[in-house]
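Structure file target_0.json with JSON, C-alpha atoms:
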[["chain", "number", "residue", "atom", "x", "y", "z"],
["A", 20, "MET", "CA", 0.00, 0.00, 0.00],
["A", 21, "PHE", "CA", 1.20, 3.50, -0.81],
["A", 22, "GLY", "CA", 2.32, 5.19, 2.40],
["A", 23, "VAL", "CA", 3.93, 8.46, 3.41],
["A", 24, "ILE", "CA", 6.11, 9.39, 6.39],
["A", 25, "ILE", "CA", 5.99, 13.09, 7.30],
["A", 26, "VAL", "CA", 8.74, 14.58, 9.45],
["A", 27, "GLY", "CA", 7.37, 17.27, 11.73],
["A", 28, "ALA", "CA", 3.94, 17.81, 13.31],
["A", 29, "GLY", "CA", 3.84, 21.52, 12.59],
["A", 30, "PRO", "CA", 1.04, 23.18, 10.61],
["A", 31, "CYS", "CA", 2.40, 22.14, 7.21],
["A", 32, "GLY", "CA", 3.16, 18.54, 8.18],
["A", 33, "LEU", "CA", -0.23, 18.04, 9.82],
["A", 34, "LEU", "CA", -2.05, 19.69, 6.93],
["A", 35, "LEU", "CA", -0.36, 17.34, 4.46],
["A", 36, "ALA", "CA", -1.31, 14.40, 6.69],
["A", 37, "VAL", "CA", -4.97, 15.41, 6.68],
["A", 38, "LEU", "CA", -5.08, 15.92, 2.92],
["A", 39, "LEU", "CA", -3.40, 12.61, 2.14],
["A", 40, "SER", "CA", -5.49, 10.68, 4.66],
["A", 41, "LYS", "CA", -8.66, 11.86, 2.95],
["A", 42, "GLN", "CA", -7.36, 10.09, -0.19],
["A", 43, "GLY", "CA", -6.87, 6.83, 1.69],
["A", 44, "VAL", "CA", -3.08, 7.18, 1.96],
["A", 45, "GLN", "CA", -1.46, 5.61, 5.02],
["A", 46, "VAL", "CA", 0.34, 8.43, 6.87],
["A", 47, "GLN", "CA", 2.76, 8.43, 9.78],
["A", 48, "VAL", "CA", 3.86, 11.78, 11.24],
["A", 49, "LEU", "CA", 7.07, 11.82, 13.29],
["A", 50, "GLU", "CA", 7.63, 14.78, 15.65],
["A", 51, "ALA", "CA", 10.80, 15.34, 17.68],
["A", 52, "SER", "CA", 9.08, 17.28, 20.46],
["A", 53, "THR", "CA", 6.86, 15.64, 23.03],
["A", 54, "GLU", "CA", 4.33, 18.47, 22.71],
["A", 55, "LEU", "CA", 2.67, 20.35, 19.89],
["A", 56, "ASP", "CA", 4.07, 23.81, 19.22],
["A", 57, "ASP", "CA", 1.75, 26.38, 20.83],
["A", 58, "GLN", "CA", 3.84, 29.51, 20.32],
["A", 59, "PRO", "CA", 1.69, 32.43, 19.10],
["A", 60, "ARG", "CA", 3.66, 33.50, 16.04],
["A", 61, "ALA", "CA", 1.99, 33.29, 12.63],
["A", 62, "CYS", "CA", -1.70, 34.13, 12.75],
["A", 63, "HIS", "CA", -2.90, 35.49, 9.37],
["A", 64, "TYR", "CA", -4.16, 33.25, 6.56],
["A", 65, "SER", "CA", -4.95, 34.70, 3.14],
["A", 66, "ALA", "CA", -6.38, 33.06, 0.03],
["A", 67, "PRO", "CA", -3.59, 30.63, -0.92],
["A", 68, "ALA", "CA", -3.60, 29.24, 2.63],
["A", 69, "LYS", "CA", -7.40, 29.32, 2.97],
["A", 70, "PHE", "CA", -7.80, 27.28, -0.21],
["A", 71, "GLU", "CA", -5.69, 24.44, 1.18],
["A", 72, "LEU", "CA", -7.24, 24.64, 4.65],
["A", 73, "GLU", "CA", -10.66, 24.37, 3.03],
["A", 74, "ARG", "CA", -9.58, 21.31, 1.03],
["A", 75, "ALA", "CA", -8.51, 19.73, 4.31],
["A", 76, "GLY", "CA", -11.90, 20.46, 5.86],
["A", 77, "VAL", "CA", -10.57, 22.64, 8.70],
["A", 78, "LEU", "CA", -11.26, 26.17, 7.44],
["A", 79, "ASP", "CA", -14.69, 26.37, 9.05],
["A", 80, "SER", "CA", -13.21, 25.54, 12.46],
["A", 81, "ILE", "CA", -10.44, 28.10, 12.03],
["A", 82, "SER", "CA", -12.92, 30.75, 10.89],
["A", 83, "ALA", "CA", -15.26, 30.01, 13.80],
["A", 84, "GLU", "CA", -12.50, 30.55, 16.37],
["A", 85, "GLY", "CA", -10.63, 33.29, 14.52],
["A", 86, "PHE", "CA", -11.50, 36.79, 13.37],
["A", 87, "PHE", "CA", -11.45, 38.71, 10.11],
["A", 88, "PRO", "CA", -9.20, 41.80, 10.19],
["A", 89, "ARG", "CA", -10.94, 44.91, 8.89],
["A", 90, "SER", "CA", -7.78, 46.31, 7.31],
["A", 91, "VAL", "CA", -4.00, 46.27, 7.15],
["A", 92, "CYS", "CA", -1.87, 49.40, 7.21],
["A", 93, "TRP", "CA", 1.67, 50.71, 7.27],
["A", 94, "ARG", "CA", 2.72, 53.29, 9.86],
["A", 95, "LYS", "CA", 5.80, 55.32, 10.69],
["A", 96, "ASN", "CA", 7.67, 54.29, 13.81],
["A", 97, "HIS", "CA", 5.95, 56.99, 15.87],
["A", 98, "GLY", "CA", 2.55, 55.67, 14.82],
["A", 99, "SER", "CA", 1.29, 58.02, 12.12],
["A", 100, "HIS", "CA", -0.59, 56.35, 9.27],
["A", 101, "ILE", "CA", 1.01, 56.00, 5.81],
["A", 102, "VAL", "CA", -1.28, 53.82, 3.69],
["A", 103, "GLY", "CA", -3.66, 50.94, 4.25],
["A", 104, "LEU", "CA", -5.88, 48.36, 2.56],
["A", 105, "ASN", "CA", -9.52, 47.87, 3.50],
["A", 106, "HIS", "CA", -10.41, 44.17, 3.75],
["A", 107, "GLU", "CA", -14.09, 44.82, 4.39],
["A", 108, "ILE", "CA", -14.70, 45.19, 0.67],
["A", 109, "GLU", "CA", -14.81, 41.37, 0.70],
["A", 110, "PRO", "CA", -17.36, 39.46, 2.84],
["A", 111, "GLU", "CA", -16.08, 37.11, 5.51],
["A", 112, "SER", "CA", -17.28, 34.20, 3.38],
["A", 113, "SER", "CA", -14.93, 35.18, 0.52],
["A", 114, "VAL", "CA", -11.72, 33.22, -0.03],
["A", 115, "HIS", "CA", -10.01, 36.58, -0.58],
["A", 116, "ARG", "CA", -10.84, 37.80, 2.95],
["A", 117, "MET", "CA", -8.01, 37.16, 5.39],
["A", 118, "VAL", "CA", -8.76, 35.20, 8.57],
["A", 119, "ALA", "CA", -6.62, 35.37, 11.70],
["A", 120, "LEU", "CA", -6.06, 32.77, 14.41],
["A", 121, "GLU", "CA", -2.97, 32.10, 16.47],
["A", 122, "LEU", "CA", -0.78, 29.31, 15.12],
["A", 123, "GLY", "CA", -1.01, 27.20, 18.26],
["A", 124, "ARG", "CA", -4.76, 26.79, 17.85],
["A", 125, "VAL", "CA", -4.41, 26.07, 14.13],
["A", 126, "VAL", "CA", -1.88, 23.34, 14.91],
["A", 127, "GLN", "CA", -4.27, 21.80, 17.46],
["A", 128, "ILE", "CA", -7.17, 21.88, 14.98],
["A", 129, "LEU", "CA", -5.01, 20.21, 12.34],
["A", 130, "TYR", "CA", -3.76, 17.63, 14.85],
["A", 131, "ASN", "CA", -7.33, 16.74, 15.80],
["A", 132, "ALA", "CA", -8.32, 16.45, 12.15],
["A", 133, "ALA", "CA", -5.29, 14.27, 11.38],
["A", 134, "THR", "CA", -5.74, 11.86, 14.27],
["A", 135, "GLU", "CA", -9.44, 11.45, 13.48],
["A", 136, "GLN", "CA", -8.52, 9.98, 10.09],
["A", 137, "GLU", "CA", -8.28, 6.21, 9.83],
["A", 138, "GLY", "CA", -4.78, 5.13, 8.91],
["A", 139, "THR", "CA", -3.06, 8.27, 10.26],
["A", 140, "GLU", "CA", -0.61, 8.08, 13.16],
["A", 141, "VAL", "CA", 1.12, 11.03, 14.85],
["A", 142, "LEU", "CA", 4.09, 9.95, 16.97],
["A", 143, "MET", "CA", 5.43, 12.56, 19.37],
["A", 144, "GLY", "CA", 8.95, 12.37, 20.79],
["A", 145, "HIS", "CA", 10.24, 10.69, 17.62],
["A", 146, "ARG", "CA", 13.30, 12.58, 16.33],
["A", 147, "VAL", "CA", 14.36, 11.66, 12.80],
["A", 148, "THR", "CA", 18.15, 11.32, 12.65],
["A", 149, "ALA", "CA", 18.68, 10.05, 9.10],
["A", 150, "VAL", "CA", 16.87, 9.11, 5.91],
["A", 151, "GLY", "CA", 17.76, 6.61, 3.22],
["A", 152, "GLN", "CA", 16.49, 4.74, 0.20],
["A", 153, "ASP", "CA", 17.34, 2.01, -2.25],
["A", 154, "ASP", "CA", 15.70, 0.75, -5.43],
["A", 155, "LEU", "CA", 12.88, -0.92, -3.53],
["A", 156, "SER", "CA", 12.15, 1.20, -0.47],
["A", 157, "ALA", "CA", 12.80, 4.32, 1.55],
["A", 158, "TRP", "CA", 13.20, 4.66, 5.32],
["A", 159, "VAL", "CA", 13.95, 6.96, 8.22],
["A", 160, "GLU", "CA", 16.00, 6.39, 11.37],
["A", 161, "VAL", "CA", 14.44, 7.67, 14.58],
["A", 162, "ALA", "CA", 15.87, 8.42, 18.03],
["A", 163, "LEU", "CA", 13.75, 8.04, 21.19],
["A", 164, "PRO", "CA", 13.01, 9.93, 23.34],
["A", 165, "SER", "CA", 13.72, 13.57, 22.48],
["A", 166, "GLY", "CA", 12.56, 16.92, 23.68],
["A", 167, "GLN", "CA", 14.38, 18.91, 21.03],
["A", 168, "SER", "CA", 12.68, 20.57, 18.12],
["A", 169, "ASP", "CA", 12.93, 23.59, 15.88],
["A", 170, "HIS", "CA", 10.27, 26.24, 16.31],
["A", 171, "GLY", "CA", 9.45, 27.68, 12.26],
["A", 172, "GLY", "CA", 5.90, 30.71, 11.69],
["A", 173, "LEU", "CA", 7.95, 32.46, 8.96],
["A", 174, "GLY", "CA", 6.54, 32.23, 5.44],
["A", 175, "LEU", "CA", 3.60, 30.10, 6.55],
["A", 176, "THR", "CA", 1.25, 31.04, 3.71],
["A", 177, "GLY", "CA", 3.90, 30.01, 1.16],
["A", 178, "GLY", "CA", 4.55, 26.83, 3.14],
["A", 179, "ILE", "CA", 0.86, 25.92, 3.15],
["A", 180, "ALA", "CA", 0.69, 26.52, -0.60],
["A", 181, "ASP", "CA", 3.74, 24.25, -0.96],
["A", 182, "VAL", "CA", 1.86, 21.57, 0.95],
["A", 183, "GLY", "CA", -1.08, 21.82, -1.43],
["A", 184, "ALA", "CA", 1.23, 21.28, -4.38],
["A", 185, "LEU", "CA", 3.00, 18.36, -2.73],
["A", 186, "TYR", "CA", -0.33, 16.81, -1.80],
["A", 187, "ASP", "CA", -1.51, 16.95, -5.41],
["A", 188, "ALA", "CA", 1.73, 15.35, -6.59],
["A", 189, "LEU", "CA", 1.56, 12.55, -4.00],
["A", 190, "ALA", "CA", -2.15, 12.02, -4.63],
["A", 191, "GLY", "CA", -1.37, 11.67, -8.33],
["A", 192, "ILE", "CA", 1.15, 8.92, -7.55],
["A", 193, "HIS", "CA", -1.32, 7.24, -5.17],
["A", 194, "LYS", "CA", -4.03, 7.21, -7.86],
["A", 195, "GLY", "CA", -1.66, 5.93, -10.51],
["A", 196, "VAL", "CA", -2.00, 8.95, -12.79],
["A", 197, "ALA", "CA", 1.57, 10.18, -12.18],
["A", 198, "ASP", "CA", 4.94, 8.62, -11.47],
["A", 199, "GLU", "CA", 7.74, 9.69, -9.12],
["A", 200, "GLN", "CA", 9.06, 12.19, -11.68],
["A", 201, "ILE", "CA", 6.25, 14.49, -10.59],
["A", 202, "LEU", "CA", 8.08, 15.02, -7.29],
["A", 203, "THR", "CA", 11.13, 16.31, -9.13],
["A", 204, "GLU", "CA", 8.95, 18.64, -11.16],
["A", 205, "TYR", "CA", 7.17, 19.80, -7.99],
["A", 206, "SER", "CA", 10.50, 20.57, -6.36],
["A", 207, "GLU", "CA", 11.69, 22.55, -9.37],
["A", 208, "ALA", "CA", 8.42, 24.52, -9.62],
["A", 209, "ARG", "CA", 8.39, 25.20, -5.87],
["A", 210, "SER", "CA", 11.96, 26.51, -5.95],
["A", 211, "ALA", "CA", 11.25, 28.68, -8.98],
["A", 212, "LYS", "CA", 8.17, 30.22, -7.36],
["A", 213, "TYR", "CA", 10.10, 30.94, -4.18],
["A", 214, "ARG", "CA", 13.03, 32.55, -6.00],
["A", 215, "GLY", "CA", 10.89, 34.43, -8.51],
["A", 216, "TYR", "CA", 7.93, 35.50, -6.41],
["A", 217, "VAL", "CA", 7.82, 34.75, -2.67],
["A", 218, "ASP", "CA", 11.34, 35.77, -1.71],
["A", 219, "PRO", "CA", 11.51, 38.96, -3.83],
["A", 220, "LEU", "CA", 8.21, 40.22, -2.42],
["A", 221, "SER", "CA", 9.15, 39.38, 1.16],
["A", 222, "THR", "CA", 12.60, 40.93, 0.77],
["A", 223, "ALA", "CA", 11.16, 44.07, -0.84],
["A", 224, "ASN", "CA", 8.74, 44.54, 2.03],
["A", 225, "PHE", "CA", 11.52, 44.09, 4.57],
["A", 226, "ARG", "CA", 13.67, 46.68, 2.82],
["A", 227, "ARG", "CA", 10.70, 48.99, 2.49],
["A", 228, "LEU", "CA", 10.28, 48.92, 6.27],
["A", 229, "TRP", "CA", 13.88, 49.01, 7.40],
["A", 230, "GLU", "CA", 16.45, 50.10, 4.84],
["A", 231, "LYS", "CA", 15.06, 53.31, 3.38],
["A", 232, "ASP", "CA", 14.48, 56.75, 4.81],
["A", 233, "PRO", "CA", 10.79, 56.76, 5.83],
["A", 234, "GLU", "CA", 9.96, 60.01, 4.10],
["A", 235, "THR", "CA", 11.57, 58.83, 0.85],
["A", 236, "THR", "CA", 9.61, 55.59, 1.04],
["A", 237, "VAL", "CA", 6.33, 57.34, 1.73],
["A", 238, "ALA", "CA", 6.80, 59.73, -1.20],
["A", 239, "GLY", "CA", 8.20, 57.46, -3.89],
["A", 240, "ASP", "CA", 7.50, 53.79, -3.17],
["A", 241, "GLY", "CA", 5.59, 52.18, -6.06],
["A", 242, "PHE", "CA", 3.70, 49.74, -3.87],
["A", 243, "PHE", "CA", 2.51, 52.49, -1.55],
["A", 244, "GLN", "CA", 1.32, 54.42, -4.60],
["A", 245, "MET", "CA", -0.82, 51.46, -5.65],
["A", 246, "VAL", "CA", -2.25, 51.26, -2.14],
["A", 247, "ARG", "CA", -3.12, 54.97, -2.28],
["A", 248, "GLU", "CA", -4.99, 54.37, -5.53],
["A", 249, "ALA", "CA", -6.81, 51.48, -3.87],
["A", 250, "GLN", "CA", -7.80, 53.71, -0.96],
["A", 251, "ALA", "CA", -9.39, 56.15, -3.39],
["A", 252, "ASP", "CA", -11.07, 53.61, -5.70],
["A", 253, "PRO", "CA", -12.96, 50.56, -4.33],
["A", 254, "ASP", "CA", -12.66, 48.76, -7.69],
["A", 255, "VAL", "CA", -8.87, 49.10, -7.61],
["A", 256, "ALA", "CA", -8.87, 47.93, -4.00],
["A", 257, "LYS", "CA", -10.88, 44.82, -4.86],
["A", 258, "LYS", "CA", -8.63, 43.97, -7.79],
["A", 259, "MET", "CA", -5.50, 44.48, -5.70],
["A", 260, "LEU", "CA", -6.84, 42.26, -2.92],
["A", 261, "GLU", "CA", -7.70, 39.53, -5.40],
["A", 262, "VAL", "CA", -4.25, 39.70, -7.02],
["A", 263, "ARG", "CA", -2.50, 39.60, -3.65],
["A", 264, "SER", "CA", -4.68, 36.65, -2.68],
["A", 265, "SER", "CA", -4.59, 34.88, -6.03],
["A", 266, "HIS", "CA", -3.94, 31.17, -5.99],
["A", 267, "ASP", "CA", -2.02, 31.67, -9.22],
["A", 268, "SER", "CA", 0.61, 33.64, -7.32],
["A", 269, "PHE", "CA", 1.48, 30.47, -5.43],
["A", 270, "ALA", "CA", 0.07, 27.98, -7.88],
["A", 271, "TYR", "CA", 2.52, 25.16, -7.71],
["A", 272, "TRP", "CA", -0.50, 22.89, -7.32],
["A", 273, "SER", "CA", -2.35, 24.09, -10.41],
["A", 274, "LYS", "CA", -0.05, 22.21, -12.78],
["A", 275, "TRP", "CA", -1.29, 18.94, -11.34],
["A", 276, "ALA", "CA", -4.95, 19.81, -10.75],
["A", 277, "ASP", "CA", -6.13, 18.09, -13.94],
["A", 278, "LEU", "CA", -4.39, 14.88, -12.91],
["A", 279, "VAL", "CA", -6.04, 14.46, -9.53]]
Write-out of the structure in structure tokens:
Amino acid sequence: MFGVIIVGAGPCGLLLAVLLSKQGVQVQVLEASTELDDQPRACHYSAPAKFELERAGVLDSISAEGFFPRSVCWRKNHGSHIVGLNHEIEPESSVHRMVALELGRVVQILYNAATEQEGTEVLMGHRVTAVGQDDLSAWVEVALPSGQSDHGGLGLTGGIADVGALYDALAGIHKGVADEQILTEYSEARSAKYRGYVDPLSTANFRRLWEKDPETTVAGDGFFQMVREAQADPDVAKKMLEVRSSHDSFAYWSKWADLV
């Protein structure tokens, strides 16, 4: 039987476990820590993440516990407003409307969903020390017990989109409509999207906030100019929100959608 071992019971690992389990794939999740990570770091989930969370059947639970931010804005360090985007132009039911819930609760919701699936096992205190494979099989080596783990909310939306793509690739193998080459193609597409889209945007925002003189940024930054136009024109605001939330921006998964 086709089976998958997932290393790490964080949000991405557990989400992948839920998605695969719903396809009848045997899943074993190995987590180094003896406890789920409950640190309140990442908390905002926009369209690419919401799409995958909905496919896993957990978005309703996250939405019920979370809240929907009315807006997002940029401010100078003394607090004065620069520009902002109104999220209330989209209803809370829209995939484009951001939902917020602390990561610890999201992890618990995903853990509950994973362990409710038949054929899914989450083993805490199992630290993977090595991996290997030959022509017939693949395996992991595990050390017991362990209380050590890394603690990773950075880039979570991109990570969740990665999971959706990997799920589609693995589901294609499971259903017999793709071979293992799809994993190589997934890896290449994922890396290209990160280098060409996710990292440049994240880096640009970091530099916008930290490296430039604030007054120069306020006056001449192209992104802030677009936000100003969105503030003045609801149609521009809606289009900008949809583009920022577009699945296509992170659409590693879309290449395989017709297969699965």
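Restricting the calculation to all atoms listed in the file, the smallest distance between Leu175 (chain A) and any of A:Ser65, A:Gln250, A:Ser40, A:Ser156 is found for A:Ser65.
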Contacts of Ser113 (chain A) at 12 Å (only C-alpha atoms; same-chain gap of 6+ positions) as a PyMOL selection string: chain A and resi 65-66+69-70+73+78+82+87+106-107+257+260-261+264
For C-alpha atoms, I'd like the residues from the last selection saved as a tab-separated table (two decimals), keeping the file's coordinate frame.
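Saved as result-v8.tsv:
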chain	number	residue	atom	x	y	z
A	65	SER	CA	-4.95	34.70	3.14
A	66	ALA	CA	-6.38	33.06	0.03
A	69	LYS	CA	-7.40	29.32	2.97
A	70	PHE	CA	-7.80	27.28	-0.21
A	73	GLU	CA	-10.66	24.37	3.03
A	78	LEU	CA	-11.26	26.17	7.44
A	82	SER	CA	-12.92	30.75	10.89
A	87	PHE	CA	-11.45	38.71	10.11
A	106	HIS	CA	-10.41	44.17	3.75
A	107	GLU	CA	-14.09	44.82	4.39
A	257	LYS	CA	-10.88	44.82	-4.86
A	260	LEU	CA	-6.84	42.26	-2.92
A	261	GLU	CA	-7.70	39.53	-5.40
A	264	SER	CA	-4.68	36.65	-2.68
At most 12 Å is the cut-off: for each residue in region 67-114 of chain A with any atom that close to an atom of region 25-33 of chain A, write down the nearest atom pair and the distance in Å rounded to one decimal, counting only C-alpha atoms, chain first then increasing number, as JSON lines.
{"residue": "A:Ala68", "atom": "CA", "partner": "A:Cys31", "partner_atom": "CA", "distance": 10.4}
{"residue": "A:Glu71", "atom": "CA", "partner": "A:Cys31", "partner_atom": "CA", "distance": 10.3}
{"residue": "A:Leu72", "atom": "CA", "partner": "A:Cys31", "partner_atom": "CA", "distance": 10.3}
{"residue": "A:Ala75", "atom": "CA", "partner": "A:Leu33", "partner_atom": "CA", "distance": 10.1}
{"residue": "A:Val77", "atom": "CA", "partner": "A:Leu33", "partner_atom": "CA", "distance": 11.4}
Using only C-alpha atoms: which of A:Ser210, A:Thr148, A:Asn224, A:Gln200 has the shortest distance to Gly241 (chain A): A:Asn224
Shell around Val147 (chain A) at 8 Å using only C-alpha atoms, local window under 5 positions removed, as a PyMOL selection string: chain A and resi 26+49-51+159-162
Output C-alpha atoms of each residue in that selection to a file, as an mmCIF file, in the frame of the given file.
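That gives us result_20.cif:
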data_model
loop_
_atom_site.group_PDB
_atom_site.id
_atom_site.type_symbol
_atom_site.label_atom_id
_atom_site.label_comp_id
_atom_site.auth_asym_id
_atom_site.auth_seq_id
_atom_site.Cartn_x
_atom_site.Cartn_y
_atom_site.Cartn_z
ATOM 1 C CA VAL A 26 8.740 14.580 9.450
ATOM 2 C CA LEU A 49 7.070 11.820 13.290
ATOM 3 C CA GLU A 50 7.630 14.780 15.650
ATOM 4 C CA ALA A 51 10.800 15.340 17.680
ATOM 5 C CA VAL A 159 13.950 6.960 8.220
ATOM 6 C CA GLU A 160 16.000 6.390 11.370
ATOM 7 C CA VAL A 161 14.440 7.670 14.580
ATOM 8 C CA ALA A 162 15.870 8.420 18.030
#
Closest of A:Val126, A:Leu55, A:Arg227, A:Leu104 to Glu248 (chain A) - atom-to-atom distances counting all atoms listed in the file: A:Leu104
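Checking A:Ala249, A:Ala190, A:Leu34, A:Val46 one by one against Glu137 (chain A), counting only C-alpha atoms, you find the shortest gap at A:Val46.
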Within 10 Å of Asp181 (chain A) using all atoms listed in the file, minus same-chain residues under 3 positions, as a VMD selection string: chain A and resid 31 35 67 to 68 71 175 to 178 184 to 186 205 to 206 208 to 210 212 to 213 269 to 272
Could the residues in this selection be written to a file with C-alpha atoms, as a PDB file, keeping the file's coordinate frame?
ATOM      1  CA  CYS A  31       2.400  22.140   7.210  1.00  0.00           C
ATOM      2  CA  LEU A  35      -0.360  17.340   4.460  1.00  0.00           C
ATOM      3  CA  PRO A  67      -3.590  30.630  -0.920  1.00  0.00           C
ATOM      4  CA  ALA A  68      -3.600  29.240   2.630  1.00  0.00           C
ATOM      5  CA  GLU A  71      -5.690  24.440   1.180  1.00  0.00           C
ATOM      6  CA  LEU A 175       3.600  30.100   6.550  1.00  0.00           C
ATOM      7  CA  THR A 176       1.250  31.040   3.710  1.00  0.00           C
ATOM      8  CA  GLY A 177       3.900  30.010   1.160  1.00  0.00           C
ATOM      9  CA  GLY A 178       4.550  26.830   3.140  1.00  0.00           C
ATOM     10  CA  ALA A 184       1.230  21.280  -4.380  1.00  0.00           C
ATOM     11  CA  LEU A 185       3.000  18.360  -2.730  1.00  0.00           C
ATOM     12  CA  TYR A 186      -0.330  16.810  -1.800  1.00  0.00           C
ATOM     13  CA  TYR A 205       7.170  19.800  -7.990  1.00  0.00           C
ATOM     14  CA  SER A 206      10.500  20.570  -6.360  1.00  0.00           C
ATOM     15  CA  ALA A 208       8.420  24.520  -9.620  1.00  0.00           C
ATOM     16  CA  ARG A 209       8.390  25.200  -5.870  1.00  0.00           C
ATOM     17  CA  SER A 210      11.960  26.510  -5.950  1.00  0.00           C
ATOM     18  CA  LYS A 212       8.170  30.220  -7.360  1.00  0.00           C
ATOM     19  CA  TYR A 213      10.100  30.940  -4.180  1.00  0.00           C
ATOM     20  CA  PHE A 269       1.480  30.470  -5.430  1.00  0.00           C
ATOM     21  CA  ALA A 270       0.070  27.980  -7.880  1.00  0.00           C
ATOM     22  CA  TYR A 271       2.520  25.160  -7.710  1.00  0.00           C
ATOM     23  CA  TRP A 272      -0.500  22.890  -7.320  1.00  0.00           C
TER      24      TRP A 272
END
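Considering only C-alpha atoms, the residue among A:His100, A:Arg226, A:Arg124, A:His145 positioned nearest to Asp56 (chain A) is A:Arg124.
With all atoms listed in the file as the atoms that count, the residue of A:Glu111, A:Ala251, A:Thr235, A:Phe242 with the shortest distance to Leu220 (chain A) is A:Phe242.
For the pair CA of Val255 (chain A) and CA of Pro110 (chain A), the separation is 16.6 Å.
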